[in-house]
Amino acid sequence: MFRQKRVGAVLVCAVLLLAVFFSSVWMAHETEHHCTGEDCPVCQAIAMSGSFLRLVAAAILSFVFLLGLLNAKRPGFASRIFDIPVLGTLVSWKIRLND
Ligand SMILES: [Zn+2]
């Protein structure tokens with residue numbers, strides 16, 4: 001179950017990264033297209049790609065902000081979600097430094 005969720009999350013991230021990458025490449029490629037003026041379909045597609053990239057950036061920033069808030073409320077929250085090993089401190093390891 002956990003492995004299926006992880007595979008699903010990796011697939012969603014890969015699709016999102018590919019969409020962002022190809023949108024950026026396509027926008028860079030079509031910025032100097034032969035524009036037909038008003039109602040140009042390429043300009044409309046460039047505008048839609050720009051909105052998509054702004055939406056993805058806003059979603060990522062919101063997620064990071066929310067994760068930061070939750071991690072501030074409960075230290076170690078982000079490390080538990082992402083399976084990041086928490087590096088301890090001397091105090092958390094209960095190591096006493098004698099003179
Ligand atoms: Zn155009």
# chains A, B, ... in the order shown; residues from 1 in each chain; ligands from 1
$ closest_atom_pairs --of "chain A" --to "ligand 1" --cutoff "10 Å" --atoms "only C-alpha atoms and all ligand atoms" --output "CSV"
residue,atom,partner,partner_atom_place_in_ligand_line,distance
A:Glu30,CA,ligand 1,1 (Zn),8.7
A:Thr31,CA,ligand 1,1 (Zn),8.3
A:Glu32,CA,ligand 1,1 (Zn),8.5
A:His33,CA,ligand 1,1 (Zn),6.5
A:His34,CA,ligand 1,1 (Zn),6.5
A:Cys35,CA,ligand 1,1 (Zn),3.6
A:Thr36,CA,ligand 1,1 (Zn),5.7
A:Gly37,CA,ligand 1,1 (Zn),5.9
A:Glu38,CA,ligand 1,1 (Zn),7.5
A:Asp39,CA,ligand 1,1 (Zn),7.7
A:Cys40,CA,ligand 1,1 (Zn),4.5
A:Pro41,CA,ligand 1,1 (Zn),6.6
A:Val42,CA,ligand 1,1 (Zn),5.1
A:Cys43,CA,ligand 1,1 (Zn),4.1
A:Gln44,CA,ligand 1,1 (Zn),7.4
A:Ala45,CA,ligand 1,1 (Zn),9.0
A:Ile46,CA,ligand 1,1 (Zn),8.5
$ closest_residue --among "A:Asn71, A:Gln4, A:Ser92, A:Ser24" --to "Phe52 (chain A)" --atoms "only C-alpha atoms"
A:Ser24
$ closest_atom_pairs --of "region 5-36 of chain A" --to "region 54-63 of chain A" --cutoff "12 Å" --atoms "only C-alpha atoms" --output "CSV"
residue,atom,partner,partner_atom,distance
A:Cys13,CA,A:Ile60,CA,11.4
A:Leu16,CA,A:Val56,CA,8.5
A:Leu17,CA,A:Val56,CA,9.8
A:Ala19,CA,A:Val56,CA,10.0
A:Val20,CA,A:Val56,CA,8.1
A:Phe21,CA,A:Val56,CA,11.6
A:Ser23,CA,A:Arg54,CA,11.4
A:Ser24,CA,A:Arg54,CA,11.3
$ select_by_dssp --residues "chain A" --states "alpha helix (DSSP H)" --output "MDAnalysis selection string"
chainID A and resid 2:30 41:73 77:81
$ decode --residues "region 14-30 of chain A" --atoms "N, CA and C atoms" --output "PDB file, in the first residue's frame"
ATOM      1  N   ALA A  14       6.674  13.274 -11.732  1.00  0.00           N
ATOM      2  CA  ALA A  14       7.338  13.189 -13.037  1.00  0.00           C
ATOM      3  C   ALA A  14       6.490  13.839 -14.118  1.00  0.00           C
ATOM      4  N   VAL A  15       5.179  13.596 -14.097  1.00  0.00           N
ATOM      5  CA  VAL A  15       4.288  14.211 -15.096  1.00  0.00           C
ATOM      6  C   VAL A  15       4.289  15.728 -14.932  1.00  0.00           C
ATOM      7  N   LEU A  16       4.246  16.194 -13.687  1.00  0.00           N
ATOM      8  CA  LEU A  16       4.257  17.637 -13.439  1.00  0.00           C
ATOM      9  C   LEU A  16       5.563  18.267 -13.913  1.00  0.00           C
ATOM     10  N   LEU A  17       6.675  17.624 -13.610  1.00  0.00           N
ATOM     11  CA  LEU A  17       7.973  18.152 -14.052  1.00  0.00           C
ATOM     12  C   LEU A  17       8.079  18.176 -15.569  1.00  0.00           C
ATOM     13  N   LEU A  18       7.598  17.119 -16.226  1.00  0.00           N
ATOM     14  CA  LEU A  18       7.634  17.091 -17.689  1.00  0.00           C
ATOM     15  C   LEU A  18       6.749  18.178 -18.279  1.00  0.00           C
ATOM     16  N   ALA A  19       5.574  18.380 -17.693  1.00  0.00           N
ATOM     17  CA  ALA A  19       4.674  19.426 -18.187  1.00  0.00           C
ATOM     18  C   ALA A  19       5.301  20.804 -18.030  1.00  0.00           C
ATOM     19  N   VAL A  20       5.934  21.047 -16.896  1.00  0.00           N
ATOM     20  CA  VAL A  20       6.598  22.339 -16.683  1.00  0.00           C
ATOM     21  C   VAL A  20       7.761  22.501 -17.661  1.00  0.00           C
ATOM     22  N   PHE A  21       8.533  21.450 -17.826  1.00  0.00           N
ATOM     23  CA  PHE A  21       9.691  21.521 -18.720  1.00  0.00           C
ATOM     24  C   PHE A  21       9.257  21.790 -20.160  1.00  0.00           C
ATOM     25  N   PHE A  22       8.305  21.009 -20.657  1.00  0.00           N
ATOM     26  CA  PHE A  22       7.905  21.177 -22.053  1.00  0.00           C
ATOM     27  C   PHE A  22       7.143  22.488 -22.272  1.00  0.00           C
ATOM     28  N   SER A  23       6.402  22.954 -21.275  1.00  0.00           N
ATOM     29  CA  SER A  23       5.754  24.260 -21.397  1.00  0.00           C
ATOM     30  C   SER A  23       6.788  25.366 -21.517  1.00  0.00           C
ATOM     31  N   SER A  24       7.824  25.281 -20.686  1.00  0.00           N
ATOM     32  CA  SER A  24       8.871  26.301 -20.730  1.00  0.00           C
ATOM     33  C   SER A  24       9.607  26.280 -22.059  1.00  0.00           C
ATOM     34  N   VAL A  25       9.953  25.077 -22.514  1.00  0.00           N
ATOM     35  CA  VAL A  25      10.673  24.955 -23.787  1.00  0.00           C
ATOM     36  C   VAL A  25       9.799  25.451 -24.933  1.00  0.00           C
ATOM     37  N   TRP A  26       8.543  25.088 -24.912  1.00  0.00           N
ATOM     38  CA  TRP A  26       7.641  25.506 -25.988  1.00  0.00           C
ATOM     39  C   TRP A  26       7.453  27.019 -25.996  1.00  0.00           C
ATOM     40  N   MET A  27       7.315  27.611 -24.784  1.00  0.00           N
ATOM     41  CA  MET A  27       7.174  29.066 -24.713  1.00  0.00           C
ATOM     42  C   MET A  27       8.424  29.762 -25.230  1.00  0.00           C
ATOM     43  N   ALA A  28       9.593  29.247 -24.859  1.00  0.00           N
ATOM     44  CA  ALA A  28      10.841  29.859 -25.329  1.00  0.00           C
ATOM     45  C   ALA A  28      10.966  29.724 -26.840  1.00  0.00           C
ATOM     46  N   HIS A  29      10.518  28.609 -27.379  1.00  0.00           N
ATOM     47  CA  HIS A  29      10.623  28.374 -28.821  1.00  0.00           C
ATOM     48  C   HIS A  29       9.658  29.255 -29.613  1.00  0.00           C
ATOM     49  N   GLU A  30       8.488  29.496 -29.067  1.00  0.00           N
ATOM     50  CA  GLU A  30       7.448  30.216 -29.815  1.00  0.00           C
ATOM     51  C   GLU A  30       7.372  31.710 -29.508  1.00  0.00           C
TER      52      GLU A  30
END
